[in-house]
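A.B. asks: So that we are looking at the same thing, I have put the structure below in structure tokens.
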2 protein chains.
Amino acid sequence: MQEEPQWDPYSKACPTRRLLDRIGDRWTVLVVGALAGGPMRYTALARRIEGVSQKMLTQTLRALERDGLLVRTVHPVIPPHVEYELSTLGRSLLPVLGALERWAIDNISGVLAARDGYDRD
Amino acid sequence: MQEEPQWDPYSKACPTRRLLDRIGDRWTVLVVGALAGGPMRYTALARRIEGVSQKMLTQTLRALERDGLLVRTVHPVIPPHVEYELSTLGRSLLPVLGALERWAIDNISGVLAARDGYDRD
DNA sequence: CAGGATCCCTGAGGATACTG
DNA sequence: CAGTATCCTCAGGGATCCTG
């Protein structure tokens with residue numbers, strides 16, 4: 001929300017570069033995208049994001065929670081019931097990552113074709 | 001450009017997941033962003049993207065070239081003169097990654113504040 | 001100038017086992 | 001169910017040296 005000119009990911013030590021790393025991360029993109037439709041539980045996320053390990057899912061969720069992008073709600077029942085949902089900040093990221101995801105889907109065939117041509121030479 | 005329904009980054013083996021990795025990569029974002037204004041030479045890119053190693057810069061440029069996102073032009077003179085510029089496909093990625101970069105800059109302070117709160121507890 | 005080739009090391013990340 | 005804790009691997013990536 002600030003237009004502070006000192007933030008510059010092209011500068012080595014600027015925290016925006018690390019933030020860029022986080023939000024561009026494969027698991028971040030998929031987790032945020034999965035939560036686009038509303039709150040989800042841990043196991044549901046694990047099922048939705050095929051191939052994610054428990055470690056990476058937990059680690060990604062913790063990082064997103066720490067950065068204020070999602071809210072973790074624990075319902076103290078047995079068995080445990082934990083829900084994750086995007087915060088306001090997290091939802092503001094939704095269109096950005098959605099566009100990234102969409103670009104990948106829309107252009108994968110073009111990219112694959114380009115690779116074919118490149119590798120043929 | 002295709003709306004083929006089989007592409008799904010949530011599927012483990014789908015090539016879109018790897019593509020997502022590539023375009024969300026920190027160096028990719030910065031390289032593509034640097035080339036937004038027009039062609040640049042190798043050394044100019046290295047200077048612009050503070051902290052990038054020769055290895056990673058070359059590697060990123062090669063990957064982007066292979067994927068058809070940028071064009072590498074060698075002028076056979078001595079000393080060598082090589083220019084990199086975005087292809088049409090690469091330029092189509094520009095608004096997407098630009099939004100990513102902008103989001104990071106616009107929201108870094110919010111994120112830092114969230115971290116503060118999280119770490120305090 | 002624009003890299004290629006190597007060495008090396010940290011840490012991302014998977015697999016597995018265990019727990020409140 | 002929703003994790004935590006460990007072990008282990010390999011590849012991302014930096015540093016350094018060399019070259020057409």
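Labels for the structure tokens follow display order: chains A, B, ..., residues from 1 in each chain, ligands from 1.
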List the spatial neighbours of region 4-20 of chain D as a VMD selection string - criterion: any atom at most 12 Å away, only C-alpha atoms (C1' of nucleotides), same-chain residues fewer than 6 positions off excluded.
C.D. replies: (chain A and resid 54 to 55 58 to 59) or (chain B and resid 25 27 51 to 57 59 to 60 76 to 80) or (chain C and resid 1 to 20)
A.B. asks: Using only C-alpha atoms, which chain B residues lie at most 7 Å away from chain A, written as a PDB file with N, CA, C and O atoms, in the first residue's frame?
C.D. replies:
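The file below, result00.pdb, is the result:
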```pdb
ATOM      1  N   MET B   1      -2.515 -20.237 -25.260  1.00  0.00           N
ATOM      2  CA  MET B   1      -3.561 -19.886 -26.218  1.00  0.00           C
ATOM      3  C   MET B   1      -4.614 -20.999 -26.297  1.00  0.00           C
ATOM      4  O   MET B   1      -5.749 -20.786 -26.660  1.00  0.00           O
ATOM      5  N   GLN B   2      -4.258 -22.212 -25.936  1.00  0.00           N
ATOM      6  CA  GLN B   2      -5.182 -23.344 -25.944  1.00  0.00           C
ATOM      7  C   GLN B   2      -5.967 -23.376 -24.643  1.00  0.00           C
ATOM      8  O   GLN B   2      -5.463 -22.979 -23.602  1.00  0.00           O
ATOM      9  N   GLU B   3      -7.172 -23.904 -24.706  1.00  0.00           N
ATOM     10  CA  GLU B   3      -7.897 -24.109 -23.454  1.00  0.00           C
ATOM     11  C   GLU B   3      -8.001 -25.601 -23.171  1.00  0.00           C
ATOM     12  O   GLU B   3      -9.037 -26.120 -22.797  1.00  0.00           O
ATOM     13  N   TRP B   7      -4.247 -29.696 -18.848  1.00  0.00           N
ATOM     14  CA  TRP B   7      -3.159 -29.029 -18.142  1.00  0.00           C
ATOM     15  C   TRP B   7      -3.592 -28.621 -16.749  1.00  0.00           C
ATOM     16  O   TRP B   7      -4.530 -27.857 -16.588  1.00  0.00           O
ATOM     17  N   TYR B  10      -1.914 -28.769 -10.479  1.00  0.00           N
ATOM     18  CA  TYR B  10      -2.166 -29.501  -9.248  1.00  0.00           C
ATOM     19  C   TYR B  10      -1.895 -30.984  -9.418  1.00  0.00           C
ATOM     20  O   TYR B  10      -1.866 -31.730  -8.450  1.00  0.00           O
ATOM     21  N   SER B  11      -1.705 -31.380 -10.669  1.00  0.00           N
ATOM     22  CA  SER B  11      -1.309 -32.761 -10.943  1.00  0.00           C
ATOM     23  C   SER B  11       0.202 -32.868 -10.913  1.00  0.00           C
ATOM     24  O   SER B  11       0.907 -32.072 -11.522  1.00  0.00           O
ATOM     25  N   LYS B  12       0.628 -33.864 -10.228  1.00  0.00           N
ATOM     26  CA  LYS B  12       2.045 -34.081  -9.949  1.00  0.00           C
ATOM     27  C   LYS B  12       2.936 -34.003 -11.184  1.00  0.00           C
ATOM     28  O   LYS B  12       3.957 -33.319 -11.188  1.00  0.00           O
ATOM     29  N   THR B  16       3.024 -28.149 -16.557  1.00  0.00           N
ATOM     30  CA  THR B  16       2.733 -26.777 -16.132  1.00  0.00           C
ATOM     31  C   THR B  16       3.299 -26.501 -14.737  1.00  0.00           C
ATOM     32  O   THR B  16       3.629 -25.366 -14.416  1.00  0.00           O
ATOM     33  N   LEU B  19       6.786 -25.530 -15.277  1.00  0.00           N
ATOM     34  CA  LEU B  19       6.823 -24.207 -15.903  1.00  0.00           C
ATOM     35  C   LEU B  19       6.562 -23.125 -14.857  1.00  0.00           C
ATOM     36  O   LEU B  19       7.201 -22.068 -14.853  1.00  0.00           O
ATOM     37  N   LEU B  20       5.628 -23.425 -13.966  1.00  0.00           N
ATOM     38  CA  LEU B  20       5.315 -22.515 -12.870  1.00  0.00           C
ATOM     39  C   LEU B  20       6.567 -22.262 -12.036  1.00  0.00           C
ATOM     40  O   LEU B  20       6.852 -21.135 -11.627  1.00  0.00           O
ATOM     41  N   ASP B  21       7.302 -23.313 -11.804  1.00  0.00           N
ATOM     42  CA  ASP B  21       8.573 -23.201 -11.095  1.00  0.00           C
ATOM     43  C   ASP B  21       9.506 -22.215 -11.790  1.00  0.00           C
ATOM     44  O   ASP B  21      10.080 -21.333 -11.159  1.00  0.00           O
ATOM     45  N   GLY B  24       8.219 -18.517 -11.859  1.00  0.00           N
ATOM     46  CA  GLY B  24       8.152 -17.908 -10.536  1.00  0.00           C
ATOM     47  C   GLY B  24       9.525 -17.773  -9.899  1.00  0.00           C
ATOM     48  O   GLY B  24       9.658 -17.149  -8.847  1.00  0.00           O
ATOM     49  N   ASP B  25      10.514 -18.343 -10.538  1.00  0.00           N
ATOM     50  CA  ASP B  25      11.877 -18.294 -10.017  1.00  0.00           C
ATOM     51  C   ASP B  25      12.362 -16.861  -9.823  1.00  0.00           C
ATOM     52  O   ASP B  25      12.095 -15.985 -10.632  1.00  0.00           O
ATOM     53  N   ARG B  26      13.086 -16.630  -8.737  1.00  0.00           N
ATOM     54  CA  ARG B  26      13.539 -15.282  -8.416  1.00  0.00           C
ATOM     55  C   ARG B  26      14.336 -14.668  -9.562  1.00  0.00           C
ATOM     56  O   ARG B  26      14.060 -13.527  -9.957  1.00  0.00           O
ATOM     57  N   LEU B  30      13.386 -11.349 -12.143  1.00  0.00           N
ATOM     58  CA  LEU B  30      14.246 -10.173 -12.240  1.00  0.00           C
ATOM     59  C   LEU B  30      14.805  -9.982 -13.650  1.00  0.00           C
ATOM     60  O   LEU B  30      14.884  -8.853 -14.152  1.00  0.00           O
ATOM     61  N   ARG B  48      22.631  -4.884 -13.431  1.00  0.00           N
ATOM     62  CA  ARG B  48      21.278  -4.510 -13.013  1.00  0.00           C
ATOM     63  C   ARG B  48      20.753  -5.407 -11.908  1.00  0.00           C
ATOM     64  O   ARG B  48      20.142  -4.947 -10.947  1.00  0.00           O
ATOM     65  N   ILE B  49      21.009  -6.700 -12.044  1.00  0.00           N
ATOM     66  CA  ILE B  49      20.506  -7.659 -11.072  1.00  0.00           C
ATOM     67  C   ILE B  49      21.584  -7.934 -10.041  1.00  0.00           C
ATOM     68  O   ILE B  49      22.348  -8.893 -10.130  1.00  0.00           O
ATOM     69  N   GLU B  50      21.586  -7.087  -9.055  1.00  0.00           N
ATOM     70  CA  GLU B  50      22.633  -7.133  -8.047  1.00  0.00           C
ATOM     71  C   GLU B  50      22.685  -8.478  -7.321  1.00  0.00           C
ATOM     72  O   GLU B  50      21.671  -8.965  -6.848  1.00  0.00           O
ATOM     73  N   GLY B  51      23.868  -9.053  -7.287  1.00  0.00           N
ATOM     74  CA  GLY B  51      24.035 -10.272  -6.518  1.00  0.00           C
ATOM     75  C   GLY B  51      23.884 -11.551  -7.317  1.00  0.00           C
ATOM     76  O   GLY B  51      24.095 -12.638  -6.787  1.00  0.00           O
ATOM     77  N   ARG B  66      15.631 -21.214 -24.209  1.00  0.00           N
ATOM     78  CA  ARG B  66      15.130 -22.537 -24.600  1.00  0.00           C
ATOM     79  C   ARG B  66      13.613 -22.588 -24.572  1.00  0.00           C
ATOM     80  O   ARG B  66      12.985 -23.208 -25.426  1.00  0.00           O
ATOM     81  N   ASP B  67      13.024 -21.919 -23.611  1.00  0.00           N
ATOM     82  CA  ASP B  67      11.566 -21.908 -23.492  1.00  0.00           C
ATOM     83  C   ASP B  67      10.906 -20.907 -24.436  1.00  0.00           C
ATOM     84  O   ASP B  67       9.695 -20.725 -24.410  1.00  0.00           O
ATOM     85  N   GLY B  68      11.726 -20.239 -25.227  1.00  0.00           N
ATOM     86  CA  GLY B  68      11.167 -19.320 -26.223  1.00  0.00           C
ATOM     87  C   GLY B  68      10.715 -17.992 -25.658  1.00  0.00           C
ATOM     88  O   GLY B  68       9.961 -17.259 -26.290  1.00  0.00           O
ATOM     89  N   VAL B  96       2.287 -10.158 -16.054  1.00  0.00           N
ATOM     90  CA  VAL B  96       2.097 -11.124 -14.977  1.00  0.00           C
ATOM     91  C   VAL B  96       3.204 -10.999 -13.927  1.00  0.00           C
ATOM     92  O   VAL B  96       2.939 -10.877 -12.730  1.00  0.00           O
ATOM     93  N   ALA B  99       3.181  -7.666 -12.135  1.00  0.00           N
ATOM     94  CA  ALA B  99       2.209  -7.614 -11.039  1.00  0.00           C
ATOM     95  C   ALA B  99       2.770  -8.286  -9.794  1.00  0.00           C
ATOM     96  O   ALA B  99       2.563  -7.820  -8.671  1.00  0.00           O
ATOM     97  N   LEU B 100       3.498  -9.373 -10.017  1.00  0.00           N
ATOM     98  CA  LEU B 100       4.123 -10.089  -8.903  1.00  0.00           C
ATOM     99  C   LEU B 100       5.114  -9.175  -8.184  1.00  0.00           C
ATOM    100  O   LEU B 100       5.109  -9.045  -6.960  1.00  0.00           O
ATOM    101  N   GLU B 101       5.959  -8.560  -8.975  1.00  0.00           N
ATOM    102  CA  GLU B 101       6.974  -7.654  -8.432  1.00  0.00           C
ATOM    103  C   GLU B 101       6.315  -6.485  -7.701  1.00  0.00           C
ATOM    104  O   GLU B 101       6.727  -6.124  -6.595  1.00  0.00           O
ATOM    105  N   ALA B 104       4.878  -7.480  -4.360  1.00  0.00           N
ATOM    106  CA  ALA B 104       5.928  -7.622  -3.347  1.00  0.00           C
ATOM    107  C   ALA B 104       6.332  -6.259  -2.785  1.00  0.00           C
ATOM    108  O   ALA B 104       6.458  -6.085  -1.568  1.00  0.00           O
ATOM    109  N   ILE B 105       6.505  -5.301  -3.662  1.00  0.00           N
ATOM    110  CA  ILE B 105       6.907  -3.959  -3.229  1.00  0.00           C
ATOM    111  C   ILE B 105       5.799  -3.283  -2.419  1.00  0.00           C
ATOM    112  O   ILE B 105       6.049  -2.689  -1.377  1.00  0.00           O
ATOM    113  N   ASP B 106       4.573  -3.435  -2.914  1.00  0.00           N
ATOM    114  CA  ASP B 106       3.447  -2.765  -2.260  1.00  0.00           C
ATOM    115  C   ASP B 106       3.107  -3.362  -0.900  1.00  0.00           C
ATOM    116  O   ASP B 106       2.548  -2.687  -0.037  1.00  0.00           O
ATOM    117  N   ASN B 107       3.421  -4.639  -0.712  1.00  0.00           N
ATOM    118  CA  ASN B 107       2.939  -5.303   0.489  1.00  0.00           C
ATOM    119  C   ASN B 107       4.036  -5.775   1.432  1.00  0.00           C
ATOM    120  O   ASN B 107       3.746  -6.423   2.439  1.00  0.00           O
ATOM    121  N   ILE B 108       5.270  -5.454   1.119  1.00  0.00           N
ATOM    122  CA  ILE B 108       6.359  -5.906   1.975  1.00  0.00           C
ATOM    123  C   ILE B 108       6.220  -5.378   3.397  1.00  0.00           C
ATOM    124  O   ILE B 108       6.458  -6.106   4.378  1.00  0.00           O
ATOM    125  N   VAL B 111       3.692  -7.393   5.254  1.00  0.00           N
ATOM    126  CA  VAL B 111       4.232  -8.714   5.558  1.00  0.00           C
ATOM    127  C   VAL B 111       5.220  -8.642   6.721  1.00  0.00           C
ATOM    128  O   VAL B 111       5.187  -9.470   7.638  1.00  0.00           O
ATOM    129  N   ALA B 114       3.355  -8.317   9.871  1.00  0.00           N
ATOM    130  CA  ALA B 114       2.745  -9.590  10.249  1.00  0.00           C
ATOM    131  C   ALA B 114       3.774 -10.507  10.896  1.00  0.00           C
ATOM    132  O   ALA B 114       3.495 -11.170  11.894  1.00  0.00           O
ATOM    133  N   ARG B 115       4.966 -10.514  10.344  1.00  0.00           N
ATOM    134  CA  ARG B 115       6.036 -11.348  10.900  1.00  0.00           C
ATOM    135  C   ARG B 115       6.378 -10.913  12.311  1.00  0.00           C
ATOM    136  O   ARG B 115       6.567 -11.743  13.203  1.00  0.00           O
ATOM    137  N   TYR B 118       3.752 -12.222  14.570  1.00  0.00           N
ATOM    138  CA  TYR B 118       3.837 -13.679  14.683  1.00  0.00           C
ATOM    139  C   TYR B 118       4.994 -14.094  15.577  1.00  0.00           C
ATOM    140  O   TYR B 118       4.856 -14.971  16.425  1.00  0.00           O
TER     141      TYR B 118
END
```
A.B. asks: Just list as number ranges by chain whatever in region 1-117 of chain A DSSP marks as helix (DSSP H, G or I).
C.D. replies: A: 15-24, 26-37, 42-48, 54-66, 88-117
A.B. asks: Enumerate as number ranges by chain all residues of chain B assigned to strand (DSSP E or B) by DSSP on the backbone, naming them with the chain letters and numbers the document uses.
C.D. replies: B: 40-41, 70-75, 81-86
A.B. asks: Considering only C-alpha atoms (C1' of nucleotides), state which residue in the set A:Leu94, A:Leu45, A:Val32, A:Leu70 is at the smallest distance from chain D.
C.D. replies: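 Of all the options, A:Leu45 lies closest to chain D.
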A.B. asks: Grab the CA of His81 (chain B) to CA of Tyr42 (chain B) distance for me, in Å with one decimal place.
C.D. replies: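 A separation of 8.6 Å between them.
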